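Visitor: Sending over a structure as structure tokens; questions will come in a sec.
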Amino acid sequence: MSLSKGEKIFVGIILAAIIVTWLFSLPNIGGMEQLSEMGIGTKWIYTFGEEAGFFTRINWLTVIMGGIICLVVIIFAHGVSKKFSMIPNRKQSAVELFLDFMYKTVEDSITVKEYVKPVFVISTTLFIFIGVANIISGIPGLNVSVINGEPHFSLFLDTWYTPTSDLNTNATYALMTLVISHAFAIKVKGFGNWIKSFFQPVFIMFPMNLVGEISKPISHSLRLFGNIYGGGILVLILSYMVKYLILPVVLWGFFGMFIGLIQAMVFSMLTIAYIAGQIE
Amino acid sequence: MEQAIIEAAKYVGAGLCMGIGAIGPAIGEGNVGGHAMDAMARQPEMAGSLVTRMLLAMAVSESTGLYSLLIAFIILFV
């Protein structure tokens with residue numbers, strides 16, 4: 001196997017990063033008694049004001065990391081679209097292949113012609129944001145765990161904090177999908193027909209239809225949340241003794257990148273399916 | 001003593017929750033994989049698109065197992 005100069009530099013950087021993270025984590029290699037003191041699964045939630053209510057609690061890292069991911073995606077898209085040419089370079093052809101695949105998938109399942117483009121925009125935006133957020137959760141970086149009420153910042157001892165491991169982000173997107181699908185249904189079918197669709201085969205089925213609609217965003221958001229949050233905790237528990245030797249890299253690659261990309265795909269596919277089920 | 005009983009019941013409950021909850025997704029994913037294999041054996045030229053759809057279907061059928069994983073984590077840590 002012969003590597004070019006660029007590939008050698010790339011491999012060297014990755015090996016150096018692994019060795020540096022391993023050296024960082026040397027003091028952390030310990031026994032079983034540390035497991036309860038690692039602050040597994042805790043979130044840094046800041047409360048302002050007197051009482052901890054619905055509107056006075058904020059998870060800073062979700063806000064900050066969501067903003068950073070948005071910025072990265074916007075800068076990348078700007079860089080690609082600035083030099084759009086007839087003969088595409090590598091970046092542009094990759095973007096075109098991906099967008100073409102998504103457009104064909106949407107076109108296959110949405111029967112109403114003028115709603116293909118809005119649904120394509122919604123589902124592709126969700127896929128890009130969630131996909132980038134999930135890939136980040138397979139790369140070592142900044143994370144915060146709360147131990148005895150005090151936030152502990154850890155650099156390169158854990159993966160990047162991702163907004164999708166917070167249920168609020170996923171529930172927001174799932175609720176947004178529900179509202180959009182019903183708004184499209186009202187626009188396509190008219191208000192009367194939309195009301196009628198709840199009483200579909202017979203009148204008595206109304207509670208069943210209502211519960212079916214309400215349970216959609218719950219399962220939609222919990223699927224993604226469970227995969228990302230559970231995967232992160234699973235990797236931490238499996239690898240706390242041999243942290244950063246060799247096993248966690250493989251596990252992060254599996255749980256962060258592979259499962260994360262599949263779940264982002266599933267999320268956007270289900271978005272398309274829910275909207276298509278409402279407006280057909 | 002009471003604290004010890006609660007602590008023990010936590011671990012037993014989390015183990016039972018995850019163990020019983022993993023049966024359903026295992027059967028479901030086995031079904032999906034087996035039928036995908038059947039389809040690939042019948043039409044080998046479709047294998048590429050079948051694999052992606054199989055992974056999608058597996059990820060969806062996995063979600064009930066993930067609910068029990070979440071419940072187990074909640075029992076253990078919260």
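Residues in the structure tokens are numbered from 1 in each chain, the chains being A, B, ... in the order shown, and ligands are numbered from 1 in the order shown.
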Find the spatial neighbours of B:Ile71, counting only C-alpha atoms, within a cut-off of 12 Å - ignore same-chain residues fewer than 6 positions away - and output them as a PyMOL selection string.

Guide: (chain A and resi 222+226+230) or (chain B and resi 10+13-19+21+64-65+77-78)

Visitor: Provide as a PyMOL selection string the residues of chain B at most 7 Å from chain A, counting only C-alpha atoms.

Guide: chain B and resi 56+59+63+66-67+70

Visitor: Any chance you could export the current selection's N, CA, C and O atoms as a PDB file, in the first residue's frame?

Guide:
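The file below, selection-v8.pdb, is the result:
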ATOM      1  N   LEU B  56     -32.460   1.147   6.754  1.00  0.00           N
ATOM      2  CA  LEU B  56     -33.519   2.066   7.190  1.00  0.00           C
ATOM      3  C   LEU B  56     -34.571   1.317   7.996  1.00  0.00           C
ATOM      4  O   LEU B  56     -34.954   1.743   9.095  1.00  0.00           O
ATOM      5  N   ALA B  59     -33.304   0.365  11.379  1.00  0.00           N
ATOM      6  CA  ALA B  59     -33.226   1.487  12.314  1.00  0.00           C
ATOM      7  C   ALA B  59     -34.599   1.821  12.875  1.00  0.00           C
ATOM      8  O   ALA B  59     -34.732   2.214  14.038  1.00  0.00           O
ATOM      9  N   SER B  63     -36.272   0.926  17.283  1.00  0.00           N
ATOM     10  CA  SER B  63     -36.588   2.024  18.194  1.00  0.00           C
ATOM     11  C   SER B  63     -37.287   1.546  19.460  1.00  0.00           C
ATOM     12  O   SER B  63     -37.108   2.154  20.519  1.00  0.00           O
ATOM     13  N   LEU B  66     -34.760   0.811  21.882  1.00  0.00           N
ATOM     14  CA  LEU B  66     -34.141   2.019  22.428  1.00  0.00           C
ATOM     15  C   LEU B  66     -34.990   2.629  23.530  1.00  0.00           C
ATOM     16  O   LEU B  66     -34.452   3.218  24.473  1.00  0.00           O
ATOM     17  N   TYR B  67     -36.323   2.486  23.415  1.00  0.00           N
ATOM     18  CA  TYR B  67     -37.162   3.009  24.499  1.00  0.00           C
ATOM     19  C   TYR B  67     -36.825   2.294  25.805  1.00  0.00           C
ATOM     20  O   TYR B  67     -36.711   2.928  26.857  1.00  0.00           O
ATOM     21  N   LEU B  70     -33.588   3.559  27.193  1.00  0.00           N
ATOM     22  CA  LEU B  70     -33.768   4.845  27.875  1.00  0.00           C
ATOM     23  C   LEU B  70     -34.342   4.646  29.269  1.00  0.00           C
ATOM     24  O   LEU B  70     -33.893   5.260  30.239  1.00  0.00           O
TER      25      LEU B  70
END

Visitor: Using backbone DSSP assignments, extract all helix (DSSP H, G or I) residues from stretch 8-210 of chain A; output them as a ChimeraX atom specification.

Guide: /A:8-28,32-37,60-82,90-109,113-136,163-165,167-189,191-199,203-210

Visitor: Just the residues within 8 Å of A:Val188, please, counting only C-alpha atoms, with nothing from its chain fewer than 3 positions along; format it as a ChimeraX atom specification.

Guide: /A:184-185,279

Visitor: Within 12 Å of A:Met102, counting only C-alpha atoms, which residues show up once you throw out same-chain ones fewer than 6 positions away? Write them as number ranges by chain, please.

Guide: A: 95-96, 108-109, 116-117, 119-128, 265, 268-269, 272

Visitor: Write the residues of the selection above to a file with N, CA and C atoms, as a PDB file, in the first residue's frame.

Guide:
ATOM      1  N   VAL A  95     -22.142  17.646  -3.688  1.00  0.00           N
ATOM      2  CA  VAL A  95     -23.368  18.309  -3.258  1.00  0.00           C
ATOM      3  C   VAL A  95     -24.501  18.036  -4.223  1.00  0.00           C
ATOM      4  N   GLU A  96     -24.178  18.091  -5.556  1.00  0.00           N
ATOM      5  CA  GLU A  96     -25.224  17.866  -6.554  1.00  0.00           C
ATOM      6  C   GLU A  96     -25.763  16.443  -6.480  1.00  0.00           C
ATOM      7  N   ASP A 108     -40.672  10.724  -5.457  1.00  0.00           N
ATOM      8  CA  ASP A 108     -41.325   9.421  -5.518  1.00  0.00           C
ATOM      9  C   ASP A 108     -42.502   9.329  -4.568  1.00  0.00           C
ATOM     10  N   SER A 109     -42.427   9.996  -3.389  1.00  0.00           N
ATOM     11  CA  SER A 109     -43.445   9.758  -2.369  1.00  0.00           C
ATOM     12  C   SER A 109     -44.481  10.875  -2.267  1.00  0.00           C
ATOM     13  N   VAL A 116     -43.674  19.351  -3.862  1.00  0.00           N
ATOM     14  CA  VAL A 116     -42.425  18.587  -3.873  1.00  0.00           C
ATOM     15  C   VAL A 116     -41.274  19.452  -3.375  1.00  0.00           C
ATOM     16  N   LYS A 117     -41.230  20.727  -3.857  1.00  0.00           N
ATOM     17  CA  LYS A 117     -40.083  21.563  -3.509  1.00  0.00           C
ATOM     18  C   LYS A 117     -40.069  21.946  -2.029  1.00  0.00           C
ATOM     19  N   VAL A 119     -41.305  20.326   0.547  1.00  0.00           N
ATOM     20  CA  VAL A 119     -40.972  19.143   1.341  1.00  0.00           C
ATOM     21  C   VAL A 119     -39.506  18.776   1.177  1.00  0.00           C
ATOM     22  N   PHE A 120     -38.996  18.942  -0.057  1.00  0.00           N
ATOM     23  CA  PHE A 120     -37.565  18.679  -0.314  1.00  0.00           C
ATOM     24  C   PHE A 120     -36.689  19.601   0.535  1.00  0.00           C
ATOM     25  N   VAL A 121     -37.075  20.894   0.598  1.00  0.00           N
ATOM     26  CA  VAL A 121     -36.273  21.839   1.370  1.00  0.00           C
ATOM     27  C   VAL A 121     -36.295  21.479   2.856  1.00  0.00           C
ATOM     28  N   ILE A 122     -37.493  21.171   3.374  1.00  0.00           N
ATOM     29  CA  ILE A 122     -37.613  20.869   4.800  1.00  0.00           C
ATOM     30  C   ILE A 122     -36.810  19.625   5.159  1.00  0.00           C
ATOM     31  N   SER A 123     -37.025  18.535   4.393  1.00  0.00           N
ATOM     32  CA  SER A 123     -36.399  17.262   4.783  1.00  0.00           C
ATOM     33  C   SER A 123     -34.883  17.315   4.598  1.00  0.00           C
ATOM     34  N   THR A 124     -34.421  18.000   3.531  1.00  0.00           N
ATOM     35  CA  THR A 124     -32.973  18.051   3.319  1.00  0.00           C
ATOM     36  C   THR A 124     -32.290  18.914   4.367  1.00  0.00           C
ATOM     37  N   THR A 125     -32.955  20.027   4.762  1.00  0.00           N
ATOM     38  CA  THR A 125     -32.371  20.855   5.813  1.00  0.00           C
ATOM     39  C   THR A 125     -32.248  20.075   7.107  1.00  0.00           C
ATOM     40  N   LEU A 126     -33.319  19.319   7.447  1.00  0.00           N
ATOM     41  CA  LEU A 126     -33.260  18.505   8.671  1.00  0.00           C
ATOM     42  C   LEU A 126     -32.139  17.489   8.574  1.00  0.00           C
ATOM     43  N   PHE A 127     -32.000  16.849   7.388  1.00  0.00           N
ATOM     44  CA  PHE A 127     -30.962  15.825   7.260  1.00  0.00           C
ATOM     45  C   PHE A 127     -29.581  16.424   7.433  1.00  0.00           C
ATOM     46  N   ILE A 128     -29.342  17.601   6.824  1.00  0.00           N
ATOM     47  CA  ILE A 128     -27.991  18.175   6.894  1.00  0.00           C
ATOM     48  C   ILE A 128     -27.662  18.565   8.330  1.00  0.00           C
ATOM     49  N   MET A 265     -30.887   9.991   8.347  1.00  0.00           N
ATOM     50  CA  MET A 265     -31.636   9.571   7.158  1.00  0.00           C
ATOM     51  C   MET A 265     -33.053   9.160   7.546  1.00  0.00           C
ATOM     52  N   SER A 268     -35.271  12.196   8.334  1.00  0.00           N
ATOM     53  CA  SER A 268     -35.796  12.957   7.197  1.00  0.00           C
ATOM     54  C   SER A 268     -36.751  12.114   6.367  1.00  0.00           C
ATOM     55  N   MET A 269     -36.514  10.780   6.284  1.00  0.00           N
ATOM     56  CA  MET A 269     -37.442   9.913   5.554  1.00  0.00           C
ATOM     57  C   MET A 269     -38.816   9.902   6.228  1.00  0.00           C
ATOM     58  N   ILE A 272     -40.688  13.035   5.448  1.00  0.00           N
ATOM     59  CA  ILE A 272     -41.324  12.948   4.132  1.00  0.00           C
ATOM     60  C   ILE A 272     -42.565  12.068   4.208  1.00  0.00           C
TER      61      ILE A 272
END

Visitor: Running DSSP on the backbone, which parts of stretch 128-190 of chain A land in strand (DSSP E or B), as a list in words?

Guide: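 So the strand (DSSP E or B) residues in stretch 128-190 of chain A would be Pro140, Gly141, Leu142, Asn143, Val144, Ser145, Val146, Ile147, Glu150, Pro151, His152, Phe153, Ser154, Leu155, Phe156, Leu157, Asp158 and Thr159 of chain A.
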
Visitor: Between atom CA of A:Lys189 and atom CA of A:Pro217, measure the distance and give it in Å to one decimal.

Guide: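 For atom CA of A:Lys189 relative to atom CA of A:Pro217, the distance reads 22.1 Å.
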